[in-house]
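See below for the structure under consideration.
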There are 10 protein chains.
Amino acid sequence: MSDTSLLETFPNPKPERDYEIEHTFPEFTSVCPKTGQPDFATVVVKYVADRACLELKGLKLYLNGYRNEGVFYEKVTNLILDDLVRACEPRWIQVETRWGPRGGISSVLVAEHRSEPLE
Amino acid sequence: MSDTSLLETFPNPKPERDYEIEHTFPEFTSVCPKTGQPDFATVVVKYVADRACLELKGLKLYLNGYRNEGVFYEKVTNLILDDLVRACEPRWIQVETRWGPRGGISSVLVAEHRSEPLE
Amino acid sequence: MSDTSLLETFPNPKPERDYEIEHTFPEFTSVCPKTGQPDFATVVVKYVADRACLELKGLKLYLNGYRNEGVFYEKVTNLILDDLVRACEPRWIQVETRWGPRGGISSVLVAEHRSEPLE
Amino acid sequence: MSDTSLLETFPNPKPERDYEIEHTFPEFTSVCPKTGQPDFATVVVKYVADRACLELKGLKLYLNGYRNEGVFYEKVTNLILDDLVRACEPRWIQVETRWGPRGGISSVLVAEHRSEPLE
Amino acid sequence: MSDTSLLETFPNPKPERDYEIEHTFPEFTSVCPKTGQPDFATVVVKYVADRACLELKGLKLYLNGYRNEGVFYEKVTNLILDDLVRACEPRWIQVETRWGPRGGISSVLVAEHRSEPLE
Amino acid sequence: MSDTSLLETFPNPKPERDYEIEHTFPEFTSVCPKTGQPDFATVVVKYVADRACLELKGLKLYLNGYRNEGVFYEKVTNLILDDLVRACEPRWIQVETRWGPRGGISSVLVAEHRSEPLE
Amino acid sequence: MSDTSLLETFPNPKPERDYEIEHTFPEFTSVCPKTGQPDFATVVVKYVADRACLELKGLKLYLNGYRNEGVFYEKVTNLILDDLVRACEPRWIQVETRWGPRGGISSVLVAEHRSEPLE
Amino acid sequence: MSDTSLLETFPNPKPERDYEIEHTFPEFTSVCPKTGQPDFATVVVKYVADRACLELKGLKLYLNGYRNEGVFYEKVTNLILDDLVRACEPRWIQVETRWGPRGGISSVLVAEHRSEPLE
Amino acid sequence: MSDTSLLETFPNPKPERDYEIEHTFPEFTSVCPKTGQPDFATVVVKYVADRACLELKGLKLYLNGYRNEGVFYEKVTNLILDDLVRACEPRWIQVETRWGPRGGISSVLVAEHRSEPLE
Amino acid sequence: MSDTSLLETFPNPKPERDYEIEHTFPEFTSVCPKTGQPDFATVVVKYVADRACLELKGLKLYLNGYRNEGVFYEKVTNLILDDLVRACEPRWIQVETRWGPRGGISSVLVAEHRSEPLE
């Protein structure tokens with residue numbers, strides 16, 4: 001639902017080695033599609049790059065693109081994962097979203113993907 | 001002992017992927033069946049959905065339904081697990097209850113279930 | 001709204017000295033009069049006794065008495081203060097209530113009273 | 001810049017006593033007027049009510065109203081203070097905004113008002 | 001060295017499922033058999049019940065029974081484990097004791113038992 | 001109720017200067033005179049010595065002397081203060097006792113004394 | 001020693017009210033003039049603006065300007081204070097620098113200025 | 001990009017045993033090659049020495065050598081790892097870099113190497 | 001008891017302003033004169049310089065000089081204060097020593113001095 | 001380098017069970033053999049006893065014996081491990097030393113031994 005063309009990559013400077021990269025973005029916000037009220041989350045992306053690394057500024061702009069989108073926790077977590085897989089085709093990647101309390105309930109969602117062809 | 005019809009579900013938006021969902025509810029309260037005094041707990045539900053995801057508002061109302069029920073820690077933890085299994089038939093689910101001190105003793109109970117037919 | 005006859009006192013063992021007593025009760029719960037949903041708070045009582053000290057068991061039972069009462073934060077904080085003043089007639093007393101998040105907003109209320117006649 | 005008609009009040013249940021009310025809202029967001037990038041803050045409102053208390057749901061909706069407004073830290077802090085003064089005419093009120101890091105710099109702003117006529 | 005008849009049990013409400021129960025008691029005290037000085041520990045009991053669950057009040061009274069007993073860390077940790085095994089015959093059980101500093105040294109001991117016949 | 005002859009002092013090495021000494025003892029225990037159950041507290045002593053300083057080993061043995069005494073929080077806090085005043089006649093002294101939860105309520109008591117004749 | 005022309009200001013949007021602004025910059029670094037080794041500090045600026053507020057980007061660039069300057073803690077703290085006073089002529093301002101350990105010693109320096117003419 | 005001749009080693013005093021050595025350096029700084037702005041990181045080196053151990057002073061000087069170098073997170077993490085491998089030829093080594101927020105995103109990178117010939 | 005000639009000073013770069021300097025040294029050790037066992041403390045020095053500032057390296061060497069000296073908490077705290085007063089003649093100075101637990105008791109001592117002639 | 005005859009043992013009260021014992025000593029100090037400056041560490045010993053347990057007082061005196069010895073981190077960690085192995089011949093033992101910052105670098109070393117004949 002955000003603009004995936006915002007995501008930019010640069011060549012992995014050490015493709016012959018598997019190493020882990022983790023980016024934590026504590027300022028994610030979207031809108032609850034049922035109530036119209038804003039939701040807030042910390043998004044954590046961990047991945048092992050193949051040929052391409054995610055550029056930080058593009059990642060931020062892409063995540064900011066959900067600001068006024070109405071989307072459920074379960075959907076947006078998988079959506080971000082799918083978009084990042086398409087953008088940098090990593091060997092492995094995990095997306096974790098940690099949501100502030102709604103009705104007294106705080107939520108954490110974790111989805112991951114290994115480098116097999118994405119349908 | 002709570003009304004399981006309060007539990008609502010919605011279709012899993014990404015059933016082809018196993019991903020973990022965790023909901024933490026720090027405001028659970030029930031009543032000690034021996035002393036009649038209130039007990040307080042944080043309830044943590046972690047699961048991998050199959051076809052259905054647990055809707056947050058219904059989960060909250062279901063958990064609130066124990067407010068005036070007299071029930072032991074060991075029983076209520078397994079009861080919540082069984083009710084949630086029936087409600088959303090997940091691939092895997094874990095219920096953890098963390099209880100405030102009673103007589104100086106704090107307790108934590110953890111029960112889990114994998115997707116095999118429930119008796 | 002709770003039964004003030006539950007509050008019991010015992011003679012201050014050192015009335016010739018001003019000293020501070022603080023009791024913290026993290027398991028207060030009442031009901032929101034608008035939504036019918038439960039509210040949860042930590043109640044902190046600080047006081048300087050005159051002739052009478054508050055007995056702990058009675059204080060707990062009195063606070064538990066709000067469990068199913070519908071009452072606003074602002075009213076219940078002042079109500080507890082007034083009831084405790086009547087029960088032990090302290091030289092000084094302060095009641096603080098710290099409420100868990102509702103609609104994303106956490107609240108703290110603090111009211112105090114010095115030993116002048118209560119209307 | 002937000003809609004002040006969203007702010008609602010109810011009668012102070014204990015106007016004969018000065019007592020402090022504090023509401024903390026960790027999910028405030030607005031937009032930087034220079035860069036167009038989102039800003040995030042925790043807003044803390046402390047006040048001593050006179051005749052009217054701030055209703056929580058209205059306060060939340062009012063603060064949510066800044067979501068897509070471009071406004072500097074210094075201006076929005078004073079604006080919220082002025083709007084709340086007009087809405088409930090408190091005896092004393094303080095607004096604190098705590099902003100996440102921008103360019104590596106985290107900021108906190110604190111403004112307060114005592115009950116004298118507002119121009 | 002404490003009175004094991006204080007330990008009481010009740011039937012496991014869900015014996016067909018393996019689930020973990022953890023009780024933490026931060027107020028254990030015994031006496032050093034060499035110096036006669038008091039020792040203080042937090043005792044953590046984790047177990048998977050078979051047919052019987054440990055009743056909380058009895059567990060507390062049993063642990064309080066060491067208050068004036070002279071016993072080494074290594075001995076009391078194994079003694080508690082053996083007594084609890086005899087009392088509830090669990091599928092698995094672990095006893096951890098965390099001792100405050102003596103001569104600048106803090107200690108933690110962990111012993112566990114699986115459901116095989118106890119000599 | 002403990003043996004005050006255990007308290008020992010040594011000459012203040014700098015009586016011409018007012019300086020503060022604070023001793024924190026996290027291992028105080030006594031017995032509830034109503035229930036017979038043990039109570040646990042951290043005792044903090046702050047004082048400005050006049051001619052005599054409290055010796056640490058004696059202070060520890062004196063505080064250990066309450067181990068099997070039945071005494072209320074309010075009484076023991078003032079008793080320790082009075083005994084320490086008699087033992088070292090300080091210019092100023094404060095005794096704080098922080099008690100673990102009983103019936104869900106944690107308590108803190110603070111009493112102090114300035115160098116005027118003790119009745 | 002940094003370029004004060006980097007500091008920019010904008011008009012105080014509420015000059016008729018005294019309110020406090022605090023900016024925290026955890027990434028300050030300079031060089032020890034004796035050893036040539038790098039020093040690291042968190043710089044906290046608190047002030048009450050008069051007619052001008054400090055612009056964040058300029059403040060960051062100004063503080064970055066010390067990166068390769070050799071300067072003692074005591075001097076740089078006062079230098080930053082003097083430069084900020086000249087740049088925005090505040091009613092009150094305080095500069096705090098918190099330095100990481102050197103030779104095992106961590107240091108904090110705090111200097112402030114009130115709006116009287118600067119020599 | 002730093003001077004690897006700064007790295008010094010000394011003979012492993014216990015080469016017949018595999019044991020882990022961890023050095024944490026919270027004061028690493030380099031420069032962003034795109035924006036020219038400084039970056040700050042904590043660098044953690046964990047290794048199992050073979051014949052040579054890394055000398056601490058040389059490690060510090062080597063890490064300080066990146067102070068004014070423009071280099072991406074991904075490149076510098078692998079560069080440090082390669083340089084340390086060459087310097088002490090360890091049985092195993094891991095380099096972790098934890099970077100402060102840039103554009104609201106904090107990053108952690110982890111790369112490791114086992115003792116096989118380095119190309 | 002340490003060598004005061006180790007203490008070095010340098011001219012205060014801003015004597016016309018009162019500003020506070022704080023140095024924290026977590027690695028102080030001396031010996032208990034009664035038991036011969038080592039004592040460990042964190043020493044915090046806060047002062048407002050007059051004409052001279054304390055040089056860090058000398059302060060460290062001076063504090064290290066107590067390593068094998070037998071001295072009571074009360075004496076060494078005042079001794080350090082007196083030596084620092086003589087060394088830099090500050091407008092105000094405070095020495096705080098925070099000692100690890102001995103016999104279960106942790107201690108903190110605080111002494112200060114204002115710029116009046118030292119006997 | 002310390003006197004191993006200080007290490008004393010007592011018979012393992014439960015040799016038929018493998019259980020873990022952990023002792024943490026936060027007050028270890030030795031001297032850097034290069035600079036002559038003191039080093040400070042927390043030493044953590046974890047072991048599974050065979051026939052003998054380490055007596056606490058002897059362990060403390062043994063560790064205190066390094067106070068004025070010049071020794072590198074890598075050497076002293078292995079030396080303590082070897083001495084403890086000889087003293088109590090445990091089934092398994094691990095020694096961890098956590099050192100305070102030197103030149104900005106904090107270090108942790110971990111060595112372990114299983115019960116095979118020690119050369």
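Every chain in the structure tokens has a letter given in the order shown (A, B, ...), and although residue numbers restart at 1 in each chain, ligands are simply numbered from 1 in the order shown.
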Nearby residues (only C-alpha atoms) at most 10 Å from segment 32-35 of chain G, same-chain spacing under 3 positions excluded, as an MDAnalysis selection string: chainID G and resid 29 38:40 68:73
Which of segment 30-68 of chain I fall in helix (DSSP H, G or I), as a list in words: Leu56, Lys57, Gly58, Leu59, Lys60, Leu61, Tyr62, Leu63 and Asn64 of chain I
Give me a file of those residues, with C-alpha atoms, as a JSON list (two decimals), in the first residue's frame.
[["chain", "number", "residue", "atom", "x", "y", "z"],
["I", 56, "LEU", "CA", 41.96, 14.20, 35.83],
["I", 57, "LYS", "CA", 45.08, 12.03, 35.69],
["I", 58, "GLY", "CA", 46.40, 13.37, 38.98],
["I", 59, "LEU", "CA", 43.02, 12.85, 40.64],
["I", 60, "LYS", "CA", 43.04, 9.23, 39.52],
["I", 61, "LEU", "CA", 46.58, 8.58, 40.77],
["I", 62, "TYR", "CA", 45.78, 10.26, 44.10],
["I", 63, "LEU", "CA", 42.66, 8.09, 44.59],
["I", 64, "ASN", "CA", 44.61, 4.95, 43.57]]
Each residue of chain C lying at most 12 Å from chain F should get a row with its shortest atom-to-atom pair and the distance in Å to one decimal, counting only C-alpha atoms; could you produce that, ordered by chain and increasing number, as a tab-separated table?
residue	atom	partner	partner_atom	distance
C:Phe10	CA	F:Glu74	CA	10.5
C:Pro11	CA	F:Glu74	CA	10.1
C:Asn12	CA	F:Glu74	CA	7.6
C:Pro13	CA	F:Lys75	CA	5.8
C:Lys14	CA	F:Asn78	CA	7.1
C:Pro15	CA	F:Asn78	CA	10.5
C:Glu16	CA	F:Glu119	CA	10.2
C:Arg17	CA	F:Ala111	CA	8.0
C:Asp18	CA	F:Ala111	CA	7.3
C:Tyr19	CA	F:Ala111	CA	4.6
C:Glu20	CA	F:Val110	CA	5.2
C:Ile21	CA	F:Leu109	CA	4.6
C:Glu22	CA	F:Val108	CA	5.0
C:His23	CA	F:Ser107	CA	4.4
C:Thr24	CA	F:Ser106	CA	5.2
C:Phe25	CA	F:Ile105	CA	4.7
C:Pro26	CA	F:Gly104	CA	7.1
C:Glu27	CA	F:Gly104	CA	7.2
C:Phe28	CA	F:Gly104	CA	10.0
C:Thr42	CA	F:Ile105	CA	10.2
C:Val43	CA	F:Ile105	CA	9.5
C:Val44	CA	F:Ile105	CA	9.4
C:Val45	CA	F:Ser107	CA	9.4
C:Lys46	CA	F:Val108	CA	9.0
C:Tyr47	CA	F:Leu109	CA	9.7
C:Val48	CA	F:Leu109	CA	9.9
C:Ala49	CA	F:Glu74	CA	10.1
C:Ala52	CA	F:Glu74	CA	11.1
C:Cys53	CA	F:Glu74	CA	8.4
C:Leu54	CA	F:Glu74	CA	10.4
C:Glu55	CA	F:Phe72	CA	10.2
C:Leu56	CA	F:Ile105	CA	7.6
C:Lys57	CA	F:Gly103	CA	7.0
C:Gly58	CA	F:Gly103	CA	10.3
C:Leu59	CA	F:Ile105	CA	9.1
C:Lys60	CA	F:Gly103	CA	7.2
C:Leu61	CA	F:Gly103	CA	9.6
C:Leu63	CA	F:Ile105	CA	10.9
C:Asn64	CA	F:Gly104	CA	11.0
Please produce a file of the residues just selected, as a compact mmCIF listing (two decimals), in the first residue's frame, where the atoms kept are N, CA and C atoms.
# COMPACT_ATOMS: atom_id res chain seq x y z
N PHE C 10 -5.84 1.14 64.32
CA PHE C 10 -5.29 0.76 65.63
C PHE C 10 -4.54 1.98 66.16
N PRO C 11 -4.32 2.05 67.48
CA PRO C 11 -3.70 3.26 68.04
C PRO C 11 -2.30 3.48 67.50
N ASN C 12 -2.00 4.74 67.15
CA ASN C 12 -0.66 5.13 66.71
C ASN C 12 0.32 4.86 67.85
N PRO C 13 1.35 4.00 67.61
CA PRO C 13 2.27 3.67 68.71
C PRO C 13 3.23 4.80 69.06
N LYS C 14 3.30 5.87 68.27
CA LYS C 14 4.24 6.97 68.55
C LYS C 14 3.60 8.30 68.17
N PRO C 15 2.47 8.66 68.82
CA PRO C 15 1.75 9.88 68.41
C PRO C 15 2.55 11.15 68.66
N GLU C 16 3.56 11.10 69.55
CA GLU C 16 4.33 12.32 69.84
C GLU C 16 5.32 12.67 68.72
N ARG C 17 5.44 11.81 67.71
CA ARG C 17 6.37 12.09 66.60
C ARG C 17 5.59 12.09 65.28
N ASP C 18 5.86 13.08 64.42
CA ASP C 18 5.33 13.08 63.04
C ASP C 18 6.19 12.14 62.20
N TYR C 19 5.65 11.06 61.66
CA TYR C 19 6.42 10.19 60.76
C TYR C 19 5.49 9.77 59.63
N GLU C 20 6.07 9.46 58.46
CA GLU C 20 5.24 9.21 57.28
C GLU C 20 5.06 7.73 57.03
N ILE C 21 3.83 7.35 56.71
CA ILE C 21 3.48 5.97 56.38
C ILE C 21 2.97 5.97 54.93
N GLU C 22 3.49 5.02 54.10
CA GLU C 22 3.05 4.95 52.70
C GLU C 22 2.63 3.52 52.38
N HIS C 23 1.43 3.35 51.85
CA HIS C 23 0.95 2.03 51.43
C HIS C 23 0.66 2.06 49.93
N THR C 24 1.21 1.11 49.18
CA THR C 24 1.02 1.05 47.73
C THR C 24 0.26 -0.22 47.36
N PHE C 25 -0.86 -0.04 46.65
CA PHE C 25 -1.75 -1.15 46.30
C PHE C 25 -1.89 -1.21 44.78
N PRO C 26 -1.15 -2.12 44.11
CA PRO C 26 -1.13 -2.11 42.64
C PRO C 26 -2.30 -2.83 41.99
N GLU C 27 -3.29 -3.23 42.77
CA GLU C 27 -4.33 -4.10 42.21
C GLU C 27 -5.73 -3.51 42.40
N PHE C 28 -5.85 -2.19 42.15
CA PHE C 28 -7.16 -1.55 42.24
C PHE C 28 -7.87 -1.67 40.90
N THR C 42 -2.98 1.69 40.20
CA THR C 42 -2.21 1.53 41.43
C THR C 42 -2.60 2.67 42.35
N VAL C 43 -2.97 2.35 43.59
CA VAL C 43 -3.35 3.37 44.56
C VAL C 43 -2.24 3.51 45.60
N VAL C 44 -1.75 4.75 45.79
CA VAL C 44 -0.72 5.01 46.80
C VAL C 44 -1.28 5.94 47.86
N VAL C 45 -1.26 5.49 49.10
CA VAL C 45 -1.74 6.30 50.22
C VAL C 45 -0.55 6.67 51.09
N LYS C 46 -0.31 7.98 51.29
CA LYS C 46 0.74 8.44 52.20
C LYS C 46 0.08 9.27 53.30
N TYR C 47 0.46 9.04 54.55
CA TYR C 47 -0.15 9.87 55.59
C TYR C 47 0.73 9.99 56.83
N VAL C 48 0.43 11.01 57.63
CA VAL C 48 1.03 11.16 58.95
C VAL C 48 -0.12 10.96 59.93
N ALA C 49 -0.03 9.88 60.71
CA ALA C 49 -1.13 9.53 61.62
C ALA C 49 -1.23 10.51 62.78
N ALA C 52 -4.72 7.50 65.22
CA ALA C 52 -5.04 6.17 64.68
C ALA C 52 -4.25 5.86 63.41
N CYS C 53 -3.82 4.60 63.28
CA CYS C 53 -3.18 4.12 62.06
C CYS C 53 -4.16 3.22 61.30
N LEU C 54 -4.04 3.21 59.96
CA LEU C 54 -4.89 2.36 59.13
C LEU C 54 -4.39 0.91 59.19
N GLU C 55 -5.29 0.00 59.45
CA GLU C 55 -4.96 -1.42 59.48
C GLU C 55 -4.94 -1.91 58.02
N LEU C 56 -3.89 -2.71 57.65
CA LEU C 56 -3.66 -3.07 56.24
C LEU C 56 -4.77 -3.92 55.64
N LYS C 57 -5.27 -4.92 56.38
CA LYS C 57 -6.25 -5.83 55.81
C LYS C 57 -7.55 -5.10 55.48
N GLY C 58 -7.96 -4.21 56.40
CA GLY C 58 -9.18 -3.44 56.16
C GLY C 58 -9.02 -2.51 54.96
N LEU C 59 -7.84 -1.90 54.83
CA LEU C 59 -7.59 -1.00 53.69
C LEU C 59 -7.74 -1.77 52.38
N LYS C 60 -7.19 -2.99 52.36
CA LYS C 60 -7.28 -3.81 51.16
C LYS C 60 -8.74 -4.15 50.83
N LEU C 61 -9.49 -4.57 51.84
CA LEU C 61 -10.89 -4.96 51.59
C LEU C 61 -11.71 -3.74 51.13
N LEU C 63 -10.56 -1.11 49.47
CA LEU C 63 -10.21 -0.79 48.07
C LEU C 63 -10.79 -1.84 47.12
N ASN C 64 -10.80 -3.10 47.54
CA ASN C 64 -11.42 -4.14 46.70
C ASN C 64 -12.92 -3.88 46.47
DSSP-assigned strand (DSSP E or B) among segment 28-106 of chain A, expressed as a PDB file with N, CA and C atoms, in the first residue's frame:
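File out_10.pdb, as written:
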ATOM      1  N   PHE A  28       6.746   4.019  13.158  1.00  0.00           N
ATOM      2  CA  PHE A  28       5.798   3.589  12.145  1.00  0.00           C
ATOM      3  C   PHE A  28       4.380   3.903  12.608  1.00  0.00           C
ATOM      4  N   THR A  29       3.566   4.429  11.708  1.00  0.00           N
ATOM      5  CA  THR A  29       2.164   4.658  12.044  1.00  0.00           C
ATOM      6  C   THR A  29       1.287   4.374  10.838  1.00  0.00           C
ATOM      7  N   SER A  30       0.152   3.750  11.106  1.00  0.00           N
ATOM      8  CA  SER A  30      -0.853   3.505  10.069  1.00  0.00           C
ATOM      9  C   SER A  30      -2.215   3.773  10.710  1.00  0.00           C
ATOM     10  N   VAL A  31      -3.281   3.382  10.045  1.00  0.00           N
ATOM     11  CA  VAL A  31      -4.626   3.685  10.548  1.00  0.00           C
ATOM     12  C   VAL A  31      -5.411   2.378  10.664  1.00  0.00           C
ATOM     13  N   PRO A  38      -5.529   6.080  14.611  1.00  0.00           N
ATOM     14  CA  PRO A  38      -4.143   5.756  14.254  1.00  0.00           C
ATOM     15  C   PRO A  38      -3.569   4.621  15.106  1.00  0.00           C
ATOM     16  N   ASP A  39      -2.735   3.803  14.486  1.00  0.00           N
ATOM     17  CA  ASP A  39      -1.960   2.763  15.170  1.00  0.00           C
ATOM     18  C   ASP A  39      -0.485   3.151  15.111  1.00  0.00           C
ATOM     19  N   PHE A  40       0.303   2.722  16.115  1.00  0.00           N
ATOM     20  CA  PHE A  40       1.722   3.056  16.174  1.00  0.00           C
ATOM     21  C   PHE A  40       2.528   1.795  16.426  1.00  0.00           C
ATOM     22  N   ALA A  41       3.655   1.656  15.720  1.00  0.00           N
ATOM     23  CA  ALA A  41       4.469   0.455  15.891  1.00  0.00           C
ATOM     24  C   ALA A  41       5.951   0.772  15.737  1.00  0.00           C
ATOM     25  N   THR A  42       6.770  -0.117  16.292  1.00  0.00           N
ATOM     26  CA  THR A  42       8.191  -0.164  15.972  1.00  0.00           C
ATOM     27  C   THR A  42       8.375  -1.295  14.968  1.00  0.00           C
ATOM     28  N   VAL A  43       9.028  -1.002  13.856  1.00  0.00           N
ATOM     29  CA  VAL A  43       9.276  -2.014  12.833  1.00  0.00           C
ATOM     30  C   VAL A  43      10.758  -2.402  12.867  1.00  0.00           C
ATOM     31  N   VAL A  44      11.034  -3.710  12.989  1.00  0.00           N
ATOM     32  CA  VAL A  44      12.415  -4.198  12.978  1.00  0.00           C
ATOM     33  C   VAL A  44      12.603  -5.104  11.759  1.00  0.00           C
ATOM     34  N   VAL A  45      13.566  -4.744  10.906  1.00  0.00           N
ATOM     35  CA  VAL A  45      13.884  -5.547   9.722  1.00  0.00           C
ATOM     36  C   VAL A  45      15.268  -6.166   9.917  1.00  0.00           C
ATOM     37  N   LYS A  46      15.360  -7.502   9.867  1.00  0.00           N
ATOM     38  CA  LYS A  46      16.657  -8.195   9.921  1.00  0.00           C
ATOM     39  C   LYS A  46      16.816  -8.972   8.622  1.00  0.00           C
ATOM     40  N   TYR A  47      18.000  -8.911   7.988  1.00  0.00           N
ATOM     41  CA  TYR A  47      18.169  -9.694   6.770  1.00  0.00           C
ATOM     42  C   TYR A  47      19.634 -10.025   6.498  1.00  0.00           C
ATOM     43  N   VAL A  48      19.824 -11.039   5.671  1.00  0.00           N
ATOM     44  CA  VAL A  48      21.135 -11.375   5.122  1.00  0.00           C
ATOM     45  C   VAL A  48      21.055 -11.056   3.633  1.00  0.00           C
ATOM     46  N   ALA A  52      22.093  -7.249  -3.099  1.00  0.00           N
ATOM     47  CA  ALA A  52      21.711  -5.865  -2.856  1.00  0.00           C
ATOM     48  C   ALA A  52      21.427  -5.601  -1.377  1.00  0.00           C
ATOM     49  N   CYS A  53      21.835  -4.417  -0.911  1.00  0.00           N
ATOM     50  CA  CYS A  53      21.510  -3.962   0.448  1.00  0.00           C
ATOM     51  C   CYS A  53      20.445  -2.875   0.361  1.00  0.00           C
ATOM     52  N   LEU A  54      19.580  -2.792   1.400  1.00  0.00           N
ATOM     53  CA  LEU A  54      18.550  -1.758   1.443  1.00  0.00           C
ATOM     54  C   LEU A  54      19.168  -0.432   1.850  1.00  0.00           C
ATOM     55  N   GLY A  70      -5.268   2.547   5.836  1.00  0.00           N
ATOM     56  CA  GLY A  70      -6.016   1.704   6.771  1.00  0.00           C
ATOM     57  C   GLY A  70      -5.644   0.247   6.533  1.00  0.00           C
ATOM     58  N   TRP A  92      17.911 -14.203   3.378  1.00  0.00           N
ATOM     59  CA  TRP A  92      16.945 -14.424   4.456  1.00  0.00           C
ATOM     60  C   TRP A  92      16.506 -13.055   4.945  1.00  0.00           C
ATOM     61  N   ILE A  93      15.244 -12.933   5.384  1.00  0.00           N
ATOM     62  CA  ILE A  93      14.764 -11.657   5.912  1.00  0.00           C
ATOM     63  C   ILE A  93      13.636 -11.917   6.900  1.00  0.00           C
ATOM     64  N   GLN A  94      13.582 -11.075   7.955  1.00  0.00           N
ATOM     65  CA  GLN A  94      12.532 -11.165   8.966  1.00  0.00           C
ATOM     66  C   GLN A  94      11.999  -9.759   9.230  1.00  0.00           C
ATOM     67  N   VAL A  95      10.671  -9.625   9.313  1.00  0.00           N
ATOM     68  CA  VAL A  95      10.045  -8.346   9.673  1.00  0.00           C
ATOM     69  C   VAL A  95       9.273  -8.543  10.971  1.00  0.00           C
ATOM     70  N   GLU A  96       9.581  -7.693  11.968  1.00  0.00           N
ATOM     71  CA  GLU A  96       8.870  -7.734  13.244  1.00  0.00           C
ATOM     72  C   GLU A  96       8.185  -6.389  13.453  1.00  0.00           C
ATOM     73  N   THR A  97       6.884  -6.417  13.814  1.00  0.00           N
ATOM     74  CA  THR A  97       6.177  -5.169  14.128  1.00  0.00           C
ATOM     75  C   THR A  97       5.674  -5.266  15.566  1.00  0.00           C
ATOM     76  N   ARG A  98       6.005  -4.221  16.378  1.00  0.00           N
ATOM     77  CA  ARG A  98       5.612  -4.181  17.798  1.00  0.00           C
ATOM     78  C   ARG A  98       4.644  -3.012  17.995  1.00  0.00           C
ATOM     79  N   TRP A  99       3.383  -3.320  18.293  1.00  0.00           N
ATOM     80  CA  TRP A  99       2.318  -2.315  18.322  1.00  0.00           C
ATOM     81  C   TRP A  99       1.976  -1.866  19.730  1.00  0.00           C
ATOM     82  N   GLY A 100       1.761  -0.564  19.899  1.00  0.00           N
ATOM     83  CA  GLY A 100       1.329  -0.007  21.183  1.00  0.00           C
ATOM     84  C   GLY A 100      -0.055  -0.527  21.560  1.00  0.00           C
ATOM     85  N   PRO A 101      -0.438  -0.388  22.858  1.00  0.00           N
ATOM     86  CA  PRO A 101      -1.692  -0.978  23.333  1.00  0.00           C
ATOM     87  C   PRO A 101      -2.946  -0.401  22.653  1.00  0.00           C
ATOM     88  N   ARG A 102      -3.837  -1.314  22.270  1.00  0.00           N
ATOM     89  CA  ARG A 102      -5.177  -0.965  21.777  1.00  0.00           C
ATOM     90  C   ARG A 102      -6.167  -1.755  22.626  1.00  0.00           C
ATOM     91  N   ILE A 105      -4.460  -4.158  24.922  1.00  0.00           N
ATOM     92  CA  ILE A 105      -3.683  -5.268  24.366  1.00  0.00           C
ATOM     93  C   ILE A 105      -2.555  -4.754  23.469  1.00  0.00           C
ATOM     94  N   SER A 106      -1.301  -5.116  23.814  1.00  0.00           N
ATOM     95  CA  SER A 106      -0.141  -4.814  22.974  1.00  0.00           C
ATOM     96  C   SER A 106       0.162  -6.039  22.124  1.00  0.00           C
TER      97      SER A 106
END
